[in-house]
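A.B. asks: What follows is input-v7.cif, made up of mmCIF, C-alpha atoms:
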```
data_target
#
loop_
_atom_site.label_atom_id
_atom_site.label_comp_id
_atom_site.auth_asym_id
_atom_site.auth_seq_id
_atom_site.Cartn_x
_atom_site.Cartn_y
_atom_site.Cartn_z
CA MET A 1 -20.78 21.81 5.49
CA HIS A 2 -20.94 18.54 7.42
CA PRO A 3 -17.44 17.26 8.27
CA TRP A 4 -18.20 13.87 6.68
CA LEU A 5 -19.12 15.52 3.37
CA LEU A 6 -15.94 17.63 3.57
CA ALA A 7 -14.02 14.41 4.28
CA LEU A 8 -15.52 12.78 1.16
CA ILE A 9 -14.48 15.81 -0.92
CA GLY A 10 -11.03 15.77 0.73
CA GLY A 11 -10.69 12.09 -0.12
CA ALA A 12 -11.69 12.79 -3.73
CA LEU A 13 -8.94 15.44 -3.94
CA ILE A 14 -6.41 12.91 -2.64
CA GLY A 15 -7.69 10.53 -5.33
CA LEU A 16 -7.29 13.26 -7.95
CA SER A 17 -3.70 13.73 -6.78
CA ALA A 18 -3.04 9.99 -7.10
CA VAL A 19 -4.58 9.83 -10.59
CA MET A 20 -2.61 12.88 -11.69
CA LEU A 21 0.71 11.38 -10.57
CA MET A 22 -0.10 8.13 -12.37
CA ALA A 23 -1.41 9.72 -15.58
CA LEU A 24 1.40 12.27 -15.89
CA LEU A 25 4.46 10.63 -14.29
CA GLY A 26 3.40 6.98 -13.91
CA ARG A 27 4.09 7.10 -10.17
CA ILE A 28 2.19 5.82 -7.13
CA ALA A 29 1.09 8.58 -4.73
CA GLY A 30 2.41 6.91 -1.61
CA VAL A 31 3.82 9.48 0.77
CA SER A 32 6.18 7.09 2.59
CA GLY A 33 7.58 5.84 -0.72
CA ILE A 34 7.95 9.36 -2.14
CA VAL A 35 9.88 10.41 0.98
CA ALA A 36 11.94 7.21 1.25
CA GLY A 37 13.18 7.74 -2.31
CA LEU A 38 15.03 10.84 -1.09
CA LEU A 39 16.79 9.14 1.81
CA PRO A 40 20.11 7.30 2.24
CA PRO A 41 21.65 4.91 1.59
CA VAL A 42 20.56 5.13 -2.04
CA ALA A 43 18.43 8.09 -3.07
CA ALA A 44 16.31 7.62 -6.18
CA ARG A 45 17.36 9.34 -9.41
CA ASP A 46 13.96 11.05 -9.76
CA ARG A 47 14.30 13.43 -6.83
CA ALA A 48 12.84 16.65 -8.31
CA TRP A 49 9.15 15.63 -8.41
CA ARG A 50 9.43 14.02 -4.98
CA ILE A 51 10.71 17.24 -3.38
CA ALA A 52 8.07 19.25 -5.26
CA PHE A 53 5.34 16.89 -3.99
CA ILE A 54 6.48 17.33 -0.38
CA VAL A 55 6.58 21.12 -0.74
CA GLY A 56 3.04 21.03 -2.15
CA LEU A 57 1.93 18.71 0.65
CA VAL A 58 3.11 21.19 3.31
CA CYS A 59 1.43 24.06 1.43
CA GLY A 60 -1.95 22.29 1.19
CA PRO A 61 -3.23 22.88 4.74
CA LEU A 62 -1.93 26.47 4.58
CA VAL A 63 -4.08 27.05 1.47
CA VAL A 64 -7.07 25.74 3.41
CA LEU A 65 -6.15 28.09 6.27
CA ALA A 66 -6.00 31.03 3.84
CA PHE A 67 -9.46 30.29 2.42
CA ALA A 68 -11.27 29.05 5.54
CA GLY A 69 -9.65 31.42 8.02
CA ALA A 70 -9.16 28.58 10.51
CA SER A 71 -6.21 26.20 10.64
CA PRO A 72 -7.03 22.56 9.81
CA ILE A 73 -3.84 21.51 11.63
CA GLY A 74 -4.64 20.18 15.09
CA PRO A 75 -2.16 19.95 17.96
CA PRO A 76 -0.41 16.65 18.76
CA VAL A 77 -2.32 14.79 21.45
CA VAL A 78 0.62 12.90 22.98
CA SER A 79 3.91 14.00 24.60
CA LEU A 80 7.14 14.53 22.64
CA PRO A 81 8.76 11.23 23.77
CA ILE A 82 5.68 9.31 22.55
CA LEU A 83 5.70 11.30 19.30
CA ILE A 84 9.32 10.31 18.73
CA VAL A 85 8.70 6.62 19.46
CA ALA A 86 5.63 6.71 17.20
CA GLY A 87 7.63 8.43 14.46
CA LEU A 88 10.36 5.78 14.59
CA LEU A 89 7.75 3.00 14.35
CA VAL A 90 5.89 4.69 11.48
CA GLY A 91 9.13 5.30 9.57
CA ALA A 92 10.55 1.81 10.09
CA GLY A 93 7.18 0.11 9.53
CA THR A 94 6.38 1.87 6.27
CA ALA A 95 9.91 1.34 4.94
CA LEU A 96 9.72 -2.36 5.77
CA GLY A 97 6.11 -2.84 4.63
CA GLY A 98 6.60 -0.83 1.43
CA GLY A 99 3.89 1.74 2.00
CA CYS A 100 1.47 3.59 4.23
CA THR A 101 -2.11 4.78 4.32
CA SER A 102 -1.76 6.43 0.91
CA GLY A 103 0.43 3.99 -1.04
CA HIS A 104 -1.22 0.81 0.25
CA GLY A 105 -4.53 2.39 1.34
CA ILE A 106 -5.64 4.65 -1.51
CA CYS A 107 -3.42 3.53 -4.42
CA GLY A 108 -2.96 -0.17 -3.59
CA LEU A 109 -6.64 -0.83 -2.88
CA SER A 110 -7.55 0.96 -6.11
CA ARG A 111 -5.17 -1.34 -7.98
CA LEU A 112 -6.81 -4.32 -6.23
CA SER A 113 -3.35 -5.35 -4.97
CA PRO A 114 -3.50 -8.35 -2.60
CA ARG A 115 -0.34 -7.10 -0.83
CA SER A 116 -1.93 -3.73 -0.17
CA LEU A 117 -5.18 -5.29 1.02
CA ALA A 118 -3.19 -7.39 3.50
CA ALA A 119 -1.13 -4.38 4.62
CA VAL A 120 -4.25 -2.23 5.14
CA ALA A 121 -5.95 -4.98 7.18
CA VAL A 122 -2.85 -5.38 9.36
CA PHE A 123 -2.11 -1.69 10.00
CA MET A 124 -5.79 -0.90 10.64
CA ALA A 125 -6.01 -3.75 13.14
CA ALA A 126 -2.72 -2.73 14.78
CA GLY A 127 -3.82 0.91 15.01
CA ILE A 128 -7.18 -0.02 16.51
CA ALA A 129 -5.55 -2.43 18.99
CA THR A 130 -2.96 0.20 20.02
CA VAL A 131 -5.62 2.85 20.65
CA PHE A 132 -7.71 0.30 22.56
CA VAL A 133 -4.79 -0.59 24.84
CA ALA A 134 -3.71 3.04 25.31
CA ARG A 135 -7.20 4.36 26.08
CA HIS A 136 -9.12 1.49 27.63
CA VAL A 137 -6.55 -0.86 29.20
CA LEU A 138 -3.62 1.19 30.50
CA MET B 1 10.56 20.92 -15.18
CA ARG B 2 7.07 19.57 -15.88
CA SER B 3 7.69 16.70 -13.45
CA ILE B 4 8.32 19.36 -10.77
CA LEU B 5 5.03 21.05 -11.70
CA ALA B 6 3.15 17.73 -11.63
CA GLY B 7 4.73 16.82 -8.29
CA PHE B 8 3.90 20.17 -6.72
CA ILE B 9 0.27 20.27 -7.90
CA ALA B 10 -0.27 16.64 -6.84
CA GLY B 11 1.27 17.36 -3.42
CA LEU B 12 -0.87 20.47 -3.03
CA LEU B 13 -4.08 18.59 -3.91
CA PHE B 14 -3.05 15.83 -1.52
CA GLY B 15 -2.39 18.31 1.30
CA VAL B 16 -5.66 20.17 0.76
CA GLY B 17 -7.48 16.82 0.70
CA LEU B 18 -5.88 15.68 3.96
CA ALA B 19 -6.76 19.01 5.60
CA LEU B 20 -10.41 18.95 4.42
CA GLY B 21 -10.65 15.33 5.52
CA GLY B 22 -9.56 16.20 9.05
CA MET B 23 -6.45 14.03 8.86
CA THR B 24 -4.13 16.86 9.91
CA ASP B 25 -5.87 16.72 13.30
CA PRO B 26 -4.59 13.64 15.18
CA SER B 27 -7.55 13.73 17.57
CA ILE B 28 -9.87 12.93 14.62
CA VAL B 29 -7.56 10.13 13.44
CA LEU B 30 -7.37 8.57 16.91
CA ALA B 31 -11.16 8.90 17.34
CA PHE B 32 -11.51 6.86 14.13
CA LEU B 33 -9.25 4.14 15.52
CA ASP B 34 -11.03 4.20 18.91
CA ILE B 35 -13.88 1.80 18.10
CA ALA B 36 -14.52 1.09 21.80
CA GLY B 37 -14.80 4.79 22.66
CA ALA B 38 -16.50 7.77 21.00
CA TRP B 39 -15.94 6.40 17.50
CA ASN B 40 -15.75 8.96 14.69
CA PRO B 41 -16.12 7.39 11.21
CA GLN B 42 -14.87 10.51 9.40
CA LEU B 43 -11.76 8.81 7.97
CA MET B 44 -13.92 6.23 6.22
CA PHE B 45 -15.28 9.05 4.07
CA VAL B 46 -11.75 10.22 3.20
CA MET B 47 -10.86 6.65 2.25
CA ALA B 48 -14.10 6.17 0.27
CA GLY B 49 -13.65 9.40 -1.69
CA GLY B 50 -10.01 8.60 -2.38
CA VAL B 51 -10.51 5.03 -3.52
CA MET B 52 -13.55 5.85 -5.71
CA VAL B 53 -11.69 8.54 -7.66
CA THR B 54 -8.43 6.57 -7.85
CA PHE B 55 -10.12 3.30 -8.86
CA ILE B 56 -11.79 4.98 -11.85
CA GLY B 57 -8.90 7.33 -12.67
CA TYR B 58 -6.25 4.58 -12.67
CA ARG B 59 -8.29 2.61 -15.20
CA MET B 60 -8.56 5.67 -17.43
CA ALA B 61 -4.81 6.33 -17.10
CA ALA B 62 -4.02 2.68 -17.94
CA ARG B 63 -5.68 3.01 -21.37
CA ARG B 64 -2.47 4.66 -22.54
CA SER B 65 0.65 2.55 -22.87
CA ALA B 66 2.72 5.11 -20.93
CA PRO B 67 2.09 8.19 -18.77
CA LEU B 68 2.01 11.56 -20.54
CA TRP B 69 5.28 12.93 -19.16
CA ASP B 70 7.41 9.83 -18.61
CA GLU B 71 8.36 6.77 -20.61
CA ARG B 72 6.65 4.10 -18.51
CA PHE B 73 4.42 3.35 -15.54
CA PHE B 74 6.38 2.69 -12.34
CA THR B 75 3.86 0.41 -10.68
CA PRO B 76 4.80 -2.21 -8.08
CA THR B 77 5.45 -5.71 -9.34
CA ALA B 78 5.70 -7.70 -6.07
CA THR B 79 2.70 -9.93 -5.42
CA ARG B 80 3.73 -12.15 -2.50
CA ILE B 81 2.34 -11.38 0.96
CA ASP B 82 5.56 -11.90 2.92
CA ALA B 83 6.92 -11.31 6.42
CA PRO B 84 8.40 -7.83 5.76
CA LEU B 85 5.03 -6.64 4.42
CA VAL B 86 3.02 -7.97 7.36
CA GLY B 87 5.64 -7.09 10.00
CA GLY B 88 6.12 -3.61 8.55
CA ALA B 89 2.37 -2.94 8.46
CA LEU B 90 2.10 -4.14 12.07
CA VAL B 91 4.89 -1.82 13.28
CA PHE B 92 3.47 1.07 11.26
CA GLY B 93 -0.03 0.50 12.68
CA ILE B 94 1.26 0.59 16.26
CA GLY B 95 3.04 3.89 15.60
CA TRP B 96 -0.07 5.27 13.89
CA GLY B 97 -2.23 4.33 16.87
CA LEU B 98 0.24 5.83 19.37
CA ALA B 99 0.26 9.36 17.95
CA GLY B 100 -2.46 9.55 15.26
CA TYR B 101 -0.03 10.45 12.48
CA CYS B 102 0.73 8.52 9.33
CA PRO B 103 3.42 9.91 6.96
CA GLY B 104 1.22 12.20 4.78
CA PRO B 105 -0.63 14.03 7.57
CA ALA B 106 2.55 14.34 9.65
CA ILE B 107 4.43 16.08 6.82
CA ALA B 108 1.37 18.15 5.89
CA SER B 109 1.18 19.33 9.53
CA LEU B 110 4.75 20.70 9.45
CA GLY B 111 3.37 24.09 8.41
CA GLY B 112 1.48 24.39 11.70
CA PRO B 113 2.80 25.90 14.95
CA TYR B 114 3.45 22.60 16.76
CA GLU B 115 7.07 21.55 17.38
CA GLY B 116 6.07 18.00 18.29
CA VAL B 117 5.15 17.38 14.64
CA ALA B 118 8.74 18.08 13.58
CA GLY B 119 9.94 15.67 16.29
CA PHE B 120 7.66 12.98 14.85
CA VAL B 121 8.81 13.62 11.27
CA VAL B 122 12.54 13.60 12.14
CA ALA B 123 12.06 10.31 14.02
CA MET B 124 10.08 8.93 11.06
CA LEU B 125 12.90 9.78 8.64
CA ALA B 126 15.38 8.14 11.03
CA GLY B 127 13.23 4.99 11.12
CA MET B 128 13.06 4.90 7.31
CA ILE B 129 16.81 5.41 6.94
CA ALA B 130 17.55 2.68 9.52
CA VAL B 131 15.45 0.11 7.66
CA ARG B 132 16.85 1.16 4.28
CA MET B 133 20.42 0.83 5.61
CA ILE B 134 19.79 -2.67 6.93
CA ARG B 135 17.97 -3.74 3.80
CA ARG B 136 20.19 -2.07 1.18
CA PRO B 137 21.01 -4.41 -1.72
CA GLY B 138 23.96 -6.56 -0.73
CA ALA B 139 23.51 -6.05 2.99
CA GLN B 140 21.02 -8.89 3.13
CA SER B 141 20.03 -11.49 0.60
CA LEU B 142 16.40 -10.62 1.32
CA ALA B 143 16.83 -7.07 0.11
CA ALA B 144 17.65 -8.12 -3.42
CA GLU B 145 14.19 -9.41 -4.17
CA LEU B 146 12.45 -6.42 -2.60
CA PRO B 147 13.14 -3.02 -4.18
CA ALA B 148 12.91 0.03 -1.91
CA ALA B 149 9.36 1.33 -1.45
CA ALA B 150 7.91 -1.62 -3.32
CA ASP B 151 4.31 -0.53 -3.11
CA GLY B 152 3.99 3.09 -2.25
#
```
Written as structure tokens, that's how I'd like the structure from this file.
C.D. replies:
Amino acid sequence: MHPWLLALIGGALIGLSAVMLMALLGRIAGVSGIVAGLLPPVAARDRAWRIAFIVGLVCGPLVVLAFAGASPIGPPVVSLPILIVAGLLVGAGTALGGGCTSGHGICGLSRLSPRSLAAVAVFMAAGIATVFVARHVL
Amino acid sequence: MRSILAGFIAGLLFGVGLALGGMTDPSIVLAFLDIAGAWNPQLMFVMAGGVMVTFIGYRMAARRSAPLWDERFFTPTATRIDAPLVGGALVFGIGWGLAGYCPGPAIASLGGPYEGVAGFVVAMLAGMIAVRMIRRPGAQSLAAELPAAADG
């Protein structure tokens, strides 16, 4: 199957996940928000479904590996120090901005939220600019 | 109990979707962001599939006054495009462009054989905790009007 068609199907499954969380539990499927709700200083009261979601999330690519016979998980393409800096920025940025690619991207855009539209425009532009500088300027 | 089941199945679907979409491979993510290089539009298809299904599904879910297994919908109420939103998205985008991981794919990649992914995720959790500590209610007047994880 063409990777773009697989990507469309993959996206639809992510959408199905988001709809399921909303229809059953009334929650937004934003990974940064789901994770942040488990962290100090004040963890959310609804921790059980959050932990279950994260366990399922880790299992997902392993299910694909079991069926396809090849791992969909690619290796990191930057060194450990860069990974750690990037992780700090992603964690701090999503906590400050109230969401990531899933919460603002998939769920927020589907809700036609102006905040999410602004966030998506900004993080897309920042991501593109960062890659441009890293690959074509430095 | 059923919230655990719903959470697990939703997480599993999400993880399978990310994997099929190629998002657990940071080289594909960075190729999507590299519009001046060998641009790969694959992530647009992930986004399109996700938004199409969610846009329709959310409207179907909203026909009920409450979700099936909880008493109300916990949807974000903030509407103002403010400095934390824009600044946070900017910082997040830089981190995303540096390594090619956003939170979902990074966590979904923890099951793979690469230690660097765990380094990214631990740093990400530290970044989240740091911001939540600084912005905890009472620590700053700003925090009071912005609940944790306001949007997603």
A.B. asks: Need to verify the contact set: segment 74-78 of chain B, 7 Å, all atoms listed in the file, exclusion of same-chain residues closer than 4 positions in sequence. Can you return it as a list of chain:residue names?
C.D. replies: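 These residues fall inside the cut-off: A:Gly26, A:Arg27, A:Ile28, B:Ala150, B:Asp151.
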A.B. asks: Could you tell me how far atom CA of Ile14 of chain A sits from atom CA of Ala36 of chain A, in Å to one decimal place?
C.D. replies: 19.6 Å
A.B. asks: Let me know the residues the PyMOL selection byres ((chain B and resi 124) around 7) catches in the file above, as an mmCIF file with C-alpha atoms, in the coordinates of the input.
C.D. replies:
```cif
data_model
loop_
_atom_site.group_PDB
_atom_site.id
_atom_site.type_symbol
_atom_site.label_atom_id
_atom_site.label_comp_id
_atom_site.auth_asym_id
_atom_site.auth_seq_id
_atom_site.Cartn_x
_atom_site.Cartn_y
_atom_site.Cartn_z
ATOM 1 C CA GLY A 87 7.630 8.430 14.460
ATOM 2 C CA LEU A 88 10.360 5.780 14.590
ATOM 3 C CA VAL A 90 5.890 4.690 11.480
ATOM 4 C CA GLY A 91 9.130 5.300 9.570
ATOM 5 C CA PHE B 120 7.660 12.980 14.850
ATOM 6 C CA VAL B 121 8.810 13.620 11.270
ATOM 7 C CA VAL B 122 12.540 13.600 12.140
ATOM 8 C CA ALA B 123 12.060 10.310 14.020
ATOM 9 C CA LEU B 125 12.900 9.780 8.640
ATOM 10 C CA ALA B 126 15.380 8.140 11.030
ATOM 11 C CA GLY B 127 13.230 4.990 11.120
ATOM 12 C CA MET B 128 13.060 4.900 7.310
#
```
A.B. asks: Extract, using all atoms listed in the file, all DNA, RNA and protein residues at most 10 Å from Met133 of chain B, discarding same-chain residues fewer than 3 positions from it, and format them as a list in words.
C.D. replies: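 Using all atoms listed in the file, the neighbours found are Leu39, Pro40, Pro41 and Val42 of chain A; Gly127, Met128, Ile129, Ala130, Arg136, Pro137 and Ala139 of chain B.
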A.B. asks: Between atom CA of Gly127 of chain A and atom CA of Pro76 of chain A, what is the spacing in Å?
C.D. replies: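 Separation between atom CA of Pro76 of chain A and atom CA of Gly127 of chain A: 16.5 Å.
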A.B. asks: Do you have the atom CA of Thr130 of chain A-atom CA of Gly95 of chain B distance handy?
C.D. replies: 8.3 Å
A.B. asks: Skipping near chain neighbours, those fewer than 4 positions away, what residues fall within 8 Å of Gly15 of chain B using only C-alpha atoms, listed as a list in words?
C.D. replies: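 With the cut-off at 8 Å, the set is Ile14, Gly56, Leu57, Val58, Cys59, Gly60 and Pro61 of chain A; Gly11, Ala19, Gly104, Pro105 and Ala108 of chain B.
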A.B. asks: So that I can see what lies close to Arg2 of chain B, please list as number ranges by chain the residues with an atom at most 10 Å from it, counting only C-alpha atoms and leaving out residues fewer than 5 positions away in the same chain.
C.D. replies: A: 24-25, 48-49; B: 7-8, 69
A.B. asks: For the provided coordinates, the residues matched by the PyMOL selection byres ((chain A and resi 20) around 12) should be stated as a VMD selection string.
C.D. replies: (chain A and resid 13 to 19 21 to 29 53 107) or (chain B and resid 3 5 to 14 53 to 54 57 to 58 60 to 61 67 to 69)
A.B. asks: Go through A:Ala43, A:Ala12, A:Ala129, A:Ile106 and flag the residue nearest Ala36 of chain B, using all atoms listed in the file for the distances.
C.D. replies: A:Ala129
A.B. asks: For the provided coordinates, the residues matched by the PyMOL selection byres ((chain B and resi 41) around 12) should be stated as a list in words.
C.D. replies: Pro3, Trp4, Leu5, Ala7 and Leu8 of chain A; Gly21, Gly22, Met23, Ile28, Val29, Leu30, Ala31, Phe32, Leu33, Asp34, Ile35, Gly37, Ala38, Trp39, Asn40, Gln42, Leu43, Met44, Phe45, Val46, Met47 and Ala48 of chain B
A.B. asks: Provide an axis-aligned box for all listed atoms of segment 4-19 of chain A, padding each side by 5 Å; report its centre and its edge lengths in Å to one decimal, as lines of an AutoDock Vina configuration file.
C.D. replies:
```
center_x = -11.1
center_y = 13.7
center_z = -2.0
size_x = 26.1
size_y = 17.8
size_z = 27.3
```
A.B. asks: Of the candidates B:Gly17, B:Pro113, B:Gly87, B:Gly100, which one gets nearest to chain A if we count only C-alpha atoms?
C.D. replies: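 Ranking B:Gly17, B:Pro113, B:Gly87, B:Gly100 by distance to chain A, first place goes to B:Gly17.
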A.B. asks: For each of B:Pro26, B:Pro103, B:Gly88, B:Gly49, take the minimum atom-to-atom distance to Leu96 of chain A, counting all atoms listed in the file, then give the residue where this is smallest.
C.D. replies: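 When distances to Leu96 of chain A are compared using all atoms listed in the file, the smallest one comes from B:Gly88.
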A.B. asks: Place a sphere of radius 12 Å on (8.9, 13.1, 23.6) in the file coordinates and name every protein, DNA or RNA residue with an atom inside or on its surface, counting all atoms listed in the file; give the answer as a list in words.
C.D. replies: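 Those residues lying close to the given coordinates are Pro76, Val77, Val78, Ser79, Leu80, Pro81, Ile82, Leu83, Ile84, Val85, Ala86, Gly87 and Leu88 of chain A; Ala99, Glu115, Gly116, Val117, Ala118, Gly119, Phe120 and Ala123 of chain B.
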A.B. asks: Point out the residue among B:Val16, B:Ala106, B:Arg64, B:Met1 with the least atom-to-atom distance to chain A, counting only C-alpha atoms.
C.D. replies: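 Among B:Val16, B:Ala106, B:Arg64, B:Met1, it is B:Val16 that comes nearest to chain A.
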A.B. asks: Write out as a VMD selection string which residues come within 8 Å of Arg50 of chain A when counting all atoms listed in the file, dropping same-chain ones fewer than 5 positions away.
C.D. replies: (chain A and resid 34 to 35 37 to 38) or (chain B and resid 4 7)
A.B. asks: Which of these, A:Leu117, A:Ala52, A:Val63, A:Ala126, has the shortest distance to Gly93 of chain A once you count all atoms listed in the file?
C.D. replies: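 Selected residue with least distance to Gly93 of chain A: A:Ala126.
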A.B. asks: Using all atoms listed in the file, can you tell me which of B:Arg135, B:Phe92, B:Ile56, B:Ala62 comes closest to chain A?
C.D. replies: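 The closest residue to chain A is B:Phe92.
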